[in-house]
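Source file: my_file.tsv. Holds: TSV, C-alpha atoms and all ligand atoms.
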chain	number	residue	atom	x	y	z
A	1	MET	CA	0.00	0.00	0.00
A	2	THR	CA	1.29	3.46	-0.80
A	3	GLY	CA	0.40	6.52	1.18
A	4	THR	CA	1.10	9.82	-0.56
A	5	ASN	CA	-1.17	12.40	-2.15
A	6	ALA	CA	-1.62	12.38	-5.88
A	7	SER	CA	0.05	15.17	-7.77
A	8	ALA	CA	-1.85	15.13	-11.06
A	9	GLN	CA	-5.25	13.58	-10.44
A	10	GLN	CA	-7.11	12.34	-13.51
A	11	HIS	CA	-10.77	11.62	-13.88
A	12	LEU	CA	-12.14	8.19	-12.93
A	13	GLU	CA	-14.94	7.14	-15.28
A	14	PRO	CA	-17.92	5.53	-13.51
A	15	SER	CA	-18.14	2.65	-16.02
A	16	MET	CA	-14.45	1.85	-15.54
A	17	VAL	CA	-14.83	2.01	-11.76
A	18	ALA	CA	-17.78	-0.38	-11.96
A	19	ALA	CA	-15.65	-2.79	-14.02
A	20	ALA	CA	-12.81	-2.52	-11.48
A	21	LEU	CA	-15.20	-3.21	-8.60
A	22	GLU	CA	-16.40	-6.43	-10.27
A	23	VAL	CA	-12.95	-7.64	-9.24
A	24	ALA	CA	-12.94	-5.98	-5.80
A	25	ILE	CA	-16.24	-7.53	-4.66
A	26	ARG	CA	-14.68	-10.99	-5.07
A	27	ALA	CA	-12.60	-10.31	-1.94
A	28	PRO	CA	-13.08	-12.89	0.83
A	29	SER	CA	-14.92	-11.70	3.94
A	30	ILE	CA	-15.83	-13.16	7.31
A	31	HIS	CA	-18.93	-15.37	6.73
A	32	ASN	CA	-19.20	-13.59	3.34
A	33	THR	CA	-20.67	-10.55	5.11
A	34	GLN	CA	-19.07	-8.19	2.53
A	35	PRO	CA	-18.72	-5.32	5.04
A	36	TRP	CA	-17.74	-2.74	2.44
A	37	ARG	CA	-19.00	-0.03	0.13
A	38	TRP	CA	-17.42	2.47	-2.25
A	39	ARG	CA	-18.15	6.13	-3.04
A	40	LEU	CA	-17.11	7.82	-6.27
A	41	ASP	CA	-17.02	11.61	-6.24
A	42	ASP	CA	-15.10	14.40	-8.00
A	43	ASP	CA	-12.18	13.79	-5.68
A	44	GLY	CA	-11.79	10.11	-6.58
A	45	LEU	CA	-12.92	6.75	-5.26
A	46	VAL	CA	-13.11	5.84	-1.59
A	47	LEU	CA	-13.54	2.50	0.15
A	48	LEU	CA	-15.68	2.59	3.31
A	49	ALA	CA	-16.35	0.07	6.05
A	50	ASP	CA	-20.03	-0.88	6.26
A	51	ARG	CA	-20.56	-1.04	10.04
A	52	GLU	CA	-24.08	-2.42	9.61
A	53	ARG	CA	-22.47	-5.62	8.34
A	54	GLN	CA	-20.01	-5.98	11.21
A	55	LEU	CA	-20.69	-9.14	13.23
A	56	ARG	CA	-21.81	-7.98	16.69
A	57	VAL	CA	-20.87	-11.16	18.58
A	58	ALA	CA	-17.99	-12.61	16.55
A	59	ASP	CA	-16.35	-9.31	15.73
A	60	PRO	CA	-16.90	-6.76	18.52
A	61	ASP	CA	-13.78	-4.73	17.74
A	62	GLY	CA	-14.14	-4.87	13.94
A	63	HIS	CA	-11.01	-6.97	13.42
A	64	SER	CA	-12.56	-9.38	10.91
A	65	MET	CA	-14.37	-6.51	9.20
A	66	MET	CA	-11.08	-4.64	8.70
A	67	LEU	CA	-9.33	-7.82	7.50
A	68	SER	CA	-12.11	-8.31	4.94
A	69	CYS	CA	-11.93	-4.66	3.87
A	70	GLY	CA	-8.13	-4.88	3.58
A	71	ALA	CA	-8.65	-7.68	1.05
A	72	ALA	CA	-11.22	-5.53	-0.79
A	73	LEU	CA	-8.74	-2.63	-0.74
A	74	CYS	CA	-6.12	-4.81	-2.42
A	75	LEU	CA	-8.58	-5.99	-5.07
A	76	THR	CA	-9.78	-2.43	-5.72
A	77	GLU	CA	-6.18	-1.63	-6.65
A	78	VAL	CA	-5.95	-4.78	-8.77
A	79	GLY	CA	-9.23	-3.95	-10.53
A	80	LEU	CA	-8.29	-0.32	-11.20
A	81	ARG	CA	-4.87	-1.31	-12.59
A	82	ALA	CA	-6.43	-4.01	-14.75
A	83	THR	CA	-8.73	-1.38	-16.27
A	84	GLY	CA	-5.73	0.76	-17.23
A	85	HIS	CA	-5.54	3.13	-14.26
A	86	ASP	CA	-2.27	4.14	-12.75
A	87	ILE	CA	-3.30	4.82	-9.15
A	88	GLU	CA	-2.17	6.12	-5.81
A	89	THR	CA	-3.80	4.88	-2.63
A	90	THR	CA	-4.02	6.81	0.62
A	91	VAL	CA	-4.89	4.49	3.49
A	92	LEU	CA	-7.11	5.91	6.29
A	93	PRO	CA	-6.88	9.39	4.74
A	94	ASP	CA	-8.90	11.24	7.38
A	95	ARG	CA	-8.53	10.72	11.16
A	96	SER	CA	-11.96	12.23	11.74
A	97	GLU	CA	-13.56	9.61	9.46
A	98	PRO	CA	-12.28	6.18	10.57
A	99	ASP	CA	-14.72	4.34	8.30
A	100	VAL	CA	-13.15	5.89	5.21
A	101	LEU	CA	-10.53	3.19	4.76
A	102	ALA	CA	-8.80	4.28	1.56
A	103	ARG	CA	-8.87	6.87	-1.16
A	104	PHE	CA	-7.80	5.93	-4.69
A	105	ARG	CA	-6.67	8.55	-7.17
A	106	THR	CA	-5.74	8.10	-10.80
A	107	ILE	CA	-2.42	9.59	-11.80
A	108	GLY	CA	-2.28	8.13	-15.29
A	109	ARG	CA	-4.24	6.15	-17.87
A	110	GLY	CA	-3.16	3.71	-20.55
A	111	ASP	CA	-3.17	0.07	-21.55
A	112	ALA	CA	-3.17	-2.25	-18.56
A	113	ALA	CA	-0.05	-4.37	-18.09
A	114	GLU	CA	-0.62	-8.04	-18.88
A	115	SER	CA	0.41	-8.98	-15.33
A	116	ASP	CA	-2.33	-6.71	-13.91
A	117	VAL	CA	-4.96	-8.26	-16.16
A	118	THR	CA	-3.80	-11.72	-15.09
A	119	LEU	CA	-4.06	-10.79	-11.40
A	120	ALA	CA	-7.62	-9.57	-11.93
A	121	GLU	CA	-8.54	-12.84	-13.68
A	122	VAL	CA	-7.04	-14.77	-10.79
A	123	ALA	CA	-9.02	-12.70	-8.27
A	124	LEU	CA	-12.23	-13.45	-10.17
A	125	ARG	CA	-11.69	-17.20	-10.13
A	126	ARG	CA	-10.30	-17.58	-6.56
A	127	ARG	CA	-12.49	-19.45	-4.08
A	128	SER	CA	-11.94	-20.65	-0.53
A	129	ASP	CA	-11.08	-24.33	-0.87
A	130	ARG	CA	-12.32	-26.19	2.23
A	131	ARG	CA	-11.55	-29.64	0.86
A	132	PRO	CA	-8.54	-31.65	2.05
A	133	PHE	CA	-5.54	-30.82	-0.11
A	134	SER	CA	-3.70	-33.32	-2.31
A	135	ARG	CA	-0.68	-35.24	-1.02
A	136	ASP	CA	1.70	-33.07	-3.10
A	137	THR	CA	3.59	-30.96	-0.60
A	138	VAL	CA	4.09	-27.24	-1.06
A	139	THR	CA	7.71	-26.96	-2.25
A	140	PRO	CA	10.25	-24.66	-0.53
A	141	ASP	CA	10.16	-22.41	-3.62
A	142	GLU	CA	6.38	-22.16	-3.52
A	143	LEU	CA	6.50	-21.50	0.21
A	144	ASP	CA	9.06	-18.74	-0.29
A	145	THR	CA	6.98	-17.16	-3.06
A	146	VAL	CA	3.74	-17.00	-1.06
A	147	GLN	CA	5.57	-15.78	2.04
A	148	ARG	CA	7.19	-12.95	0.09
A	149	ALA	CA	3.91	-12.05	-1.61
A	150	GLY	CA	2.22	-11.55	1.76
A	151	SER	CA	5.07	-9.60	3.33
A	152	ASP	CA	5.69	-5.86	3.07
A	153	ASP	CA	6.52	-2.95	5.41
A	154	HIS	CA	3.25	-3.42	7.32
A	155	ALA	CA	2.83	-7.20	7.67
A	156	TRP	CA	4.77	-10.42	7.27
A	157	VAL	CA	4.03	-14.11	6.90
A	158	ASP	CA	5.27	-17.03	8.98
A	159	CYS	CA	4.62	-20.68	8.07
A	160	PRO	CA	5.24	-22.88	11.12
A	161	THR	CA	6.69	-26.14	9.80
A	162	SER	CA	8.73	-27.68	12.62
A	163	GLU	CA	7.01	-30.50	14.52
A	164	ASP	CA	7.08	-28.52	17.79
A	165	GLN	CA	5.51	-25.44	16.19
A	166	ARG	CA	2.86	-27.58	14.49
A	167	VAL	CA	1.87	-29.19	17.79
A	168	THR	CA	1.62	-25.82	19.53
A	169	LEU	CA	-0.35	-24.34	16.65
A	170	ALA	CA	-2.74	-27.30	16.64
A	171	VAL	CA	-3.31	-26.92	20.39
A	172	ALA	CA	-3.81	-23.14	20.08
A	173	VAL	CA	-6.34	-23.40	17.24
A	174	SER	CA	-8.17	-26.32	18.92
A	175	TRP	CA	-8.44	-24.30	22.13
A	176	ALA	CA	-9.96	-21.30	20.30
A	177	ASP	CA	-12.15	-23.58	18.19
A	178	GLN	CA	-13.62	-25.28	21.28
A	179	ILE	CA	-14.43	-21.95	22.91
A	180	GLN	CA	-16.20	-20.77	19.76
A	181	LYS	CA	-18.05	-24.07	19.32
A	182	HIS	CA	-19.54	-23.84	22.81
A	183	ASP	CA	-20.57	-20.20	22.58
A	184	GLU	CA	-24.26	-20.23	21.74
A	185	ALA	CA	-24.49	-16.55	20.78
A	186	LEU	CA	-21.58	-16.96	18.37
A	187	ARG	CA	-23.11	-20.03	16.76
A	188	GLU	CA	-26.51	-18.43	16.53
A	189	GLU	CA	-25.02	-15.40	14.78
A	190	MET	CA	-23.00	-17.59	12.41
A	191	GLY	CA	-26.12	-19.63	11.65
A	192	ARG	CA	-27.80	-16.49	10.33
A	193	TRP	CA	-25.03	-16.21	7.70
A	194	ILE	CA	-25.26	-19.81	6.46
A	195	HIS	CA	-27.52	-20.27	3.45
A	196	ASP	CA	-28.93	-23.08	1.41
A	197	PRO	CA	-29.05	-21.76	-2.17
A	198	ASP	CA	-31.99	-24.10	-2.93
A	199	VAL	CA	-34.06	-22.31	-0.28
A	200	HIS	CA	-32.91	-18.68	-0.43
A	201	GLY	CA	-30.82	-17.17	-3.18
A	202	GLU	CA	-29.12	-14.53	-0.98
A	203	PRO	CA	-26.04	-12.87	-2.51
A	204	GLU	CA	-24.26	-13.03	0.87
A	205	GLY	CA	-23.38	-15.53	3.59
A	206	VAL	CA	-21.70	-18.93	3.30
A	207	SER	CA	-23.43	-21.49	1.11
A	208	VAL	CA	-23.92	-25.08	2.34
A	209	GLU	CA	-22.45	-26.12	-1.03
A	210	SER	CA	-19.08	-24.67	-0.04
A	211	PHE	CA	-18.32	-26.72	3.10
A	212	PRO	CA	-18.43	-30.47	3.78
A	213	HIS	CA	-20.44	-32.40	6.35
A	214	THR	CA	-18.44	-33.70	9.29
A	215	SER	CA	-19.93	-36.09	11.82
A	216	ASP	CA	-18.52	-37.42	15.10
A	217	ASP	CA	-18.33	-40.95	13.69
A	218	GLU	CA	-16.59	-39.75	10.53
A	219	PRO	CA	-14.32	-36.87	11.61
A	220	ARG	CA	-11.74	-35.28	9.33
A	221	ARG	CA	-8.23	-36.58	10.01
A	222	ILE	CA	-6.82	-33.17	10.59
A	223	ASP	CA	-4.25	-31.72	13.03
A	224	VAL	CA	-5.27	-28.03	12.98
A	225	PRO	CA	-9.11	-27.98	13.11
A	226	VAL	CA	-11.18	-26.11	10.53
A	227	ARG	CA	-14.22	-24.01	11.38
A	228	ASP	CA	-17.42	-25.99	11.81
A	229	PHE	CA	-20.11	-24.18	9.80
A	230	GLU	CA	-22.80	-26.79	10.44
A	231	GLU	CA	-25.13	-24.74	12.59
A	232	GLY	CA	-28.55	-26.33	12.08
A	233	VAL	CA	-27.56	-27.24	8.50
A	234	THR	CA	-25.60	-29.98	6.77
A	235	GLY	CA	-22.64	-29.12	4.56
A	236	ARG	CA	-23.00	-30.47	1.03
A	237	GLN	CA	-19.49	-30.25	-0.36
A	238	LEU	CA	-18.30	-33.75	-1.28
A	239	ILE	CA	-14.83	-34.59	0.04
A	240	GLU	CA	-12.55	-37.58	0.32
A	241	ARG	CA	-12.63	-38.98	3.86
A	242	ASP	CA	-9.47	-41.05	4.10
A	243	VAL	CA	-6.97	-38.20	3.66
A	244	ILE	CA	-4.62	-37.41	6.55
A	245	GLU	CA	-4.58	-33.62	6.51
A	246	LYS	CA	-1.53	-31.67	7.57
A	247	PRO	CA	-1.67	-28.60	5.33
A	248	LEU	CA	0.76	-25.74	5.36
A	249	ILE	CA	-0.58	-22.95	7.59
A	250	ALA	CA	0.47	-19.44	6.59
A	251	VAL	CA	0.11	-16.84	9.34
A	252	VAL	CA	-0.07	-13.10	8.65
A	253	LEU	CA	1.51	-11.08	11.48
A	254	THR	CA	1.76	-7.38	12.26
A	255	GLU	CA	3.81	-5.40	14.76
A	256	PHE	CA	0.78	-3.86	16.51
A	257	ASP	CA	-2.86	-4.81	16.83
A	258	ASN	CA	-4.90	-1.78	15.80
A	259	PRO	CA	-7.33	-1.14	12.89
A	260	ARG	CA	-4.55	0.05	10.59
A	261	ASP	CA	-2.73	-3.25	11.20
A	262	HIS	CA	-5.92	-5.23	10.58
A	263	LEU	CA	-6.39	-3.46	7.26
A	264	ALA	CA	-2.76	-4.09	6.30
A	265	ALA	CA	-3.12	-7.76	7.27
A	266	GLY	CA	-6.16	-8.10	4.97
A	267	HIS	CA	-4.15	-6.59	2.12
A	268	SER	CA	-1.31	-9.00	2.88
A	269	MET	CA	-3.68	-12.00	3.03
A	270	MET	CA	-5.13	-11.06	-0.37
A	271	ARG	CA	-1.71	-10.70	-2.01
A	272	LEU	CA	-0.75	-14.08	-0.60
A	273	MET	CA	-3.96	-15.65	-1.93
A	274	LEU	CA	-3.44	-14.22	-5.42
A	275	ARG	CA	0.15	-15.42	-5.59
A	276	ALA	CA	-0.87	-18.87	-4.34
A	277	GLU	CA	-3.56	-18.99	-7.01
A	278	LEU	CA	-1.01	-18.07	-9.69
A	279	LEU	CA	1.07	-21.04	-8.54
A	280	GLY	CA	-1.95	-23.33	-8.85
A	281	LEU	CA	-2.30	-23.61	-5.05
A	282	SER	CA	-5.53	-23.42	-3.07
A	283	THR	CA	-6.07	-21.37	0.09
A	284	CYS	CA	-8.68	-21.09	2.81
A	285	PRO	CA	-8.79	-18.70	5.76
A	286	LEU	CA	-8.80	-20.32	9.20
A	287	SER	CA	-9.56	-17.62	11.71
A	288	GLN	CA	-10.86	-19.18	14.94
A	289	ALA	CA	-7.60	-18.45	16.81
A	290	VAL	CA	-7.32	-14.82	15.67
A	291	ASP	CA	-10.91	-13.56	15.74
A	292	PHE	CA	-10.65	-11.99	19.21
A	293	ALA	CA	-7.93	-9.73	20.63
A	294	ALA	CA	-7.51	-11.96	23.70
A	295	PHE	CA	-6.99	-15.00	21.42
A	296	ARG	CA	-4.39	-13.16	19.34
A	297	THR	CA	-2.40	-12.21	22.44
A	298	ARG	CA	-2.53	-15.73	23.84
A	299	VAL	CA	-1.58	-17.41	20.56
A	300	GLN	CA	1.24	-14.90	20.10
A	301	GLY	CA	2.64	-15.94	23.48
A	302	LEU	CA	2.21	-19.67	22.85
A	303	MET	CA	3.92	-19.48	19.46
A	304	ASN	CA	6.63	-17.05	20.61
A	305	TRP	CA	5.85	-14.70	17.74
A	306	VAL	CA	7.28	-11.19	17.81
A	307	GLY	CA	4.15	-9.80	16.13
A	308	TYR	CA	0.42	-10.32	16.50
A	309	PRO	CA	-1.13	-13.13	14.44
A	310	GLN	CA	-3.91	-11.53	12.37
A	311	MET	CA	-4.95	-14.30	10.00
A	312	MET	CA	-4.19	-17.94	9.35
A	313	LEU	CA	-4.62	-19.64	6.00
A	314	ARG	CA	-4.52	-23.26	4.93
A	315	VAL	CA	-2.42	-23.50	1.79
A	316	GLY	CA	-1.99	-26.56	-0.44
A	317	HIS	CA	-2.39	-28.18	-3.81
A	318	PRO	CA	-6.03	-28.75	-4.76
A	319	ILE	CA	-7.15	-32.36	-4.62
A	320	ALA	CA	-9.38	-31.93	-7.69
A	321	PRO	CA	-9.96	-29.07	-10.15
A	322	LYS	CA	-10.90	-25.83	-8.44
A	323	SER	CA	-13.58	-25.29	-11.08
A	324	GLN	CA	-15.57	-27.89	-9.10
A	325	LEU	CA	-15.81	-25.53	-6.11
A	326	ALA	CA	-19.13	-23.76	-5.59
A	327	VAL	CA	-18.99	-20.02	-6.27
A	328	THR	CA	-20.01	-18.04	-3.20
A	329	PRO	CA	-22.25	-15.19	-4.43
A	330	ARG	CA	-21.69	-11.47	-3.91
A	331	ARG	CA	-23.97	-8.46	-3.81
A	332	PRO	CA	-23.81	-6.68	-7.19
A	333	VAL	CA	-21.57	-3.63	-7.70
A	334	SER	CA	-24.71	-1.48	-8.04
A	335	ALA	CA	-25.54	-2.29	-4.40
A	336	VAL	CA	-22.16	-1.25	-3.03
A	337	LEU	CA	-21.14	1.72	-5.21
A	338	GLU	CA	-22.58	5.18	-4.69
A	339	SER	CA	-21.60	7.63	-7.41
A	340	THR	CA	-22.04	11.39	-7.38
A	341	VAL	CA	-20.19	12.14	-10.63
B	401	LIG	C1	-11.52	-12.36	8.19
B	401	LIG	C2	-11.96	-13.66	7.55
B	401	LIG	C3	-12.13	-14.80	8.32
B	401	LIG	C4	-12.52	-16.01	7.74
B	401	LIG	N1	-12.58	-17.13	8.51
B	401	LIG	C5	-12.83	-18.33	7.93
B	401	LIG	C6	-12.75	-19.53	8.68
B	401	LIG	O1	-12.42	-19.54	9.87
B	401	LIG	N2	-13.02	-20.70	8.04
B	401	LIG	C7	-13.37	-20.75	6.72
B	401	LIG	O2	-13.60	-21.84	6.19
B	401	LIG	N3	-13.46	-19.60	5.98
B	401	LIG	C8	-13.17	-18.42	6.55
B	401	LIG	N4	-13.20	-17.27	5.79
B	401	LIG	C9	-13.56	-17.35	4.37
B	401	LIG	C10	-14.95	-16.81	4.07
B	401	LIG	O3	-15.95	-17.64	4.61
B	401	LIG	C11	-15.08	-16.69	2.54
B	401	LIG	O4	-14.16	-15.76	2.07
B	401	LIG	C12	-16.46	-16.24	2.12
B	401	LIG	O5	-17.43	-17.20	2.44
B	401	LIG	C13	-16.52	-16.02	0.59
B	401	LIG	O6	-16.17	-17.20	-0.11
B	401	LIG	P1	-14.96	-17.24	-1.13
B	401	LIG	O7	-13.71	-16.91	-0.38
B	401	LIG	O8	-14.97	-18.65	-1.68
B	401	LIG	O9	-15.23	-16.24	-2.21
B	401	LIG	C14	-12.79	-16.06	6.35
B	401	LIG	C15	-12.62	-14.92	5.56
B	401	LIG	C16	-12.17	-13.73	6.15
B	401	LIG	C17	-11.90	-12.53	5.29
Rewrite the structure of this file - the entire thing - as C-alpha cells.
Ligand SMILES: Cc1cc2nc3c(=O)[nH]c(=O)nc-3n(C[C@H](O)[C@H](O)[C@H](O)COP(=O)(O)O)c2cc1C
Amino acid sequence: MTGTNASAQQHLEPSMVAAALEVAIRAPSIHNTQPWRWRLDDDGLVLLADRERQLRVADPDGHSMMLSCGAALCLTEVGLRATGHDIETTVLPDRSEPDVLARFRTIGRGDAAESDVTLAEVALRRRSDRRPFSRDTVTPDELDTVQRAGSDDHAWVDCPTSEDQRVTLAVAVSWADQIQKHDEALREEMGRWIHDPDVHGEPEGVSVESFPHTSDDEPRRIDVPVRDFEEGVTGRQLIERDVIEKPLIAVVLTEFDNPRDHLAAGHSMMRLMLRAELLGLSTCPLSQAVDFAAFRTRVQGLMNWVGYPQMMLRVGHPIAPKSQLAVTPRRPVSAVLESTV
C-alpha cells in the first residue's frame, strides 16, 4: 500500500470504476458478510467500512471486518490497474472519518499491463477451498513465493513447519475452536449467515455447497481444526474422507494490533492468496484463533511470535480441479457503489 497524495489527479470514469469493482467484490470476507461499500465523487474513489455488516458477537472490535476490507482494498487496486488506471492509494486518509478506509486517485491512464490483467482474472476465479488438499507438498520455492507475496513494510508471513511449532499451533487453534463451538451466541449469529441456495438465493453468507459435512463418527483426520459451519444445517461439499490432513498454515503477522494493522493484514492476506492462485495452489482462511484480541495475544505468546497473528490460511495443492468448487455469491456492484459524478 502506498500513502502519498496524488500530484496530477485524472478523472475516474464511472463505467471503468464499476468494471474494477467487479474484481474488488470478489474479496473474501468473514462469513461472506461483505462489510464494504465504495463512493465515487469528484475527488476520486473511496472504500468505506459498512458497520451495519459488522458481526456484533464474533467481531466486537471490527477486526474481521477490517481484514475483509483490507482484502477488498487490495482488489480495488488490482481492478483499477487491470482497467488501465495508474493509481495512488491513501490508506485511512482522514482521522476524523475512521470508516473511510482508503482513497484511490488516478495519476495516469493507458493500456493495462498483462500482469495486472492476469491478477484480476485470478481474483475473479479464486475461491476458498475447504476440501482436504492433495498429497503433493508445497515446495520450498512455492513457500518462499507465497511468504514474500504476503510480506511488506506493514505485515509479514510465517509458516510454522517444525514439529514442535505444528503441535503448539494445533493446540492453540483447537483451544480457540472449542471456545467458539460452545458459545451459543456466536453459533446463533453464524447460523444467520449460512444459506442453502436451494431455499434462499441470498447474494451473501456462506453457502452449504461450499463446506463439507463432518460427523462425530466420521471426523476429518486433521491436526489443525477447521471451522465448523454446520449450525442447524448440513454441509453439502463432497470430500474424500481417508486423507490425513496436515496442510501448510500461513500466518499473517503485524507489529501492533490496531485497525490500521488489521487493514494491512487483509491486504497482505489477499496478495498471498493471489500469488498462491497463480502457482496453482488453493487457500482457505482459518480464523478461529485470531478472531478476538484476547486470542491473538494468547496465541502470540504460545507461538513465541514477535508480532500479532492476524490471519491464518490453509495452503496446499487442490485435490481436484478448483472449477468444481461452488462459487459463493456477492452483492452486485450497483448495491455497493454510490456515485455522485
Ligand atoms: C476475516 C476472515 C475470516 C474467515 N474465517 C474463515 C474460517 O475460519 N473458516 C473458513 O472456512 N473460511 C473463513 N473465511 C472465508 C470466508 O468464509 C469466505 O471468504 C467467504 O465465504 C466467501 O467465499 P470465497 O472466499 O470462496 O469467495 C474467512 C474470511 C475472512 C476474510
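Nearest to ligand LIG 401 (chain B) of all the residues A:Leu67, A:Val167, A:Ile25, A:Val224 is A:Leu67, based on only C-alpha atoms and all ligand atoms.
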Given 7 Å and all atoms listed in the file, residues near ligand LIG 401 (chain B) as a compact mmCIF listing (two decimals) with C-alpha atoms, keeping the file's coordinate frame:
# COMPACT_ATOMS: atom_id res chain seq x y z
CA ARG A 26 -14.68 -10.99 -5.07
CA ALA A 27 -12.60 -10.31 -1.94
CA PRO A 28 -13.08 -12.89 0.83
CA SER A 29 -14.92 -11.70 3.94
CA ILE A 30 -15.83 -13.16 7.31
CA HIS A 31 -18.93 -15.37 6.73
CA ASN A 32 -19.20 -13.59 3.34
CA SER A 64 -12.56 -9.38 10.91
CA MET A 65 -14.37 -6.51 9.20
CA LEU A 67 -9.33 -7.82 7.50
CA SER A 68 -12.11 -8.31 4.94
CA ARG A 126 -10.30 -17.58 -6.56
CA ARG A 127 -12.49 -19.45 -4.08
CA SER A 128 -11.94 -20.65 -0.53
CA ASP A 129 -11.08 -24.33 -0.87
CA ARG A 130 -12.32 -26.19 2.23
CA GLY A 205 -23.38 -15.53 3.59
CA VAL A 206 -21.70 -18.93 3.30
CA VAL A 226 -11.18 -26.11 10.53
CA ARG A 227 -14.22 -24.01 11.38
CA CYS A 284 -8.68 -21.09 2.81
CA PRO A 285 -8.79 -18.70 5.76
CA LEU A 286 -8.80 -20.32 9.20
CA SER A 287 -9.56 -17.62 11.71
CA GLN A 288 -10.86 -19.18 14.94
CA VAL A 327 -18.99 -20.02 -6.27
CA THR A 328 -20.01 -18.04 -3.20
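Residues surrounding Arg298 in chain A within 12 Å are A:Thr168, A:Leu169, A:Val171, A:Ala172, A:Val173, A:Trp175, A:Ala176, A:Ala289, A:Val290, A:Asp291, A:Phe292, A:Ala293, A:Ala294, A:Leu302, A:Met303, A:Asn304, A:Trp305, A:Gly307, A:Tyr308, A:Pro309 [only C-alpha atoms; sequence separation below 4 positions excluded].
Taking all atoms listed in the file into account, Val100 in chain A lies nearest to A:Arg39 out of the set A:Arg220, A:Arg236, A:Arg39, A:Arg296.
Distances to Val243 in chain A were evaluated for A:Leu272, A:Arg135, A:Ala335, A:Phe211 using all atoms listed in the file, and the minimum falls at A:Arg135.
Within the 7 Å cut-off around range 106-120 of chain A, using only C-alpha atoms and omitting residues fewer than 6 positions from it on the same chain, the listed residues are Ala6, Ala8, Gln9, Gln10, His11, Leu12, Val23, Val78, Gly79, Arg81, Ala82, Thr83, Gly84, His85, Asp86, Ile87, Glu88 and Leu274 of chain A.
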Worksheet item: When distances are computed from all atoms listed in the file, which of A:Ser15, A:Ser268, A:Thr283, A:Ser134 shows the smallest separation from Asp242 in chain A?
Response: A:Ser134
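Take the candidates A:Arg330, A:His63, A:His200, A:His195 and check each one against Asp257 in chain A using only C-alpha atoms; the shortest distance goes to A:His63.
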Practice prompt. Write out as a PyMOL selection string which residues come within 6 Å of Val251 in chain A when counting all atoms listed in the file, dropping same-chain ones fewer than 4 positions away.
Written response: chain A and resi 157-158+311-312
Need the axis-aligned box for range 206-220 of chain A with 5 Å each side, so what are the centre and edges in Å to one decimal, as lines of an AutoDock Vina configuration file?
center_x = -17.8
center_y = -29.9
center_z = 7.0
size_x = 22.2
size_y = 32.0
size_z = 26.1
Worksheet entry | Shell of 10 Å around Arg241 in chain A, only C-alpha atoms, local chain residues under 4 positions omitted, as a PyMOL selection string | chain A and resi 131-132+214+218-221
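Across the model, the gap from CA of Val146 in chain A to CA of Gln180 in chain A is 29.1 Å.
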Worksheet item: Distance CA of Gly191 in chain A-CA of Ser174 in chain A, one decimal place?
Response: 20.5 Å
Discussion item. As an NGL selection string, please: the residues near Gln310 in chain A (cut-off 7 Å, only C-alpha atoms, same-chain neighbours under 6 positions excluded).
Written reply: :A and (252-253 or 262 or 265 or 290)
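The coordinates place CA of Gly62 in chain A at 16.2 Å from CA of Thr254 in chain A.
Distances here use all atoms listed in the file; by that measure, the residue among A:Met270, A:Pro318, A:Ala155, A:Ser207 closest to Glu255 in chain A is A:Ala155.
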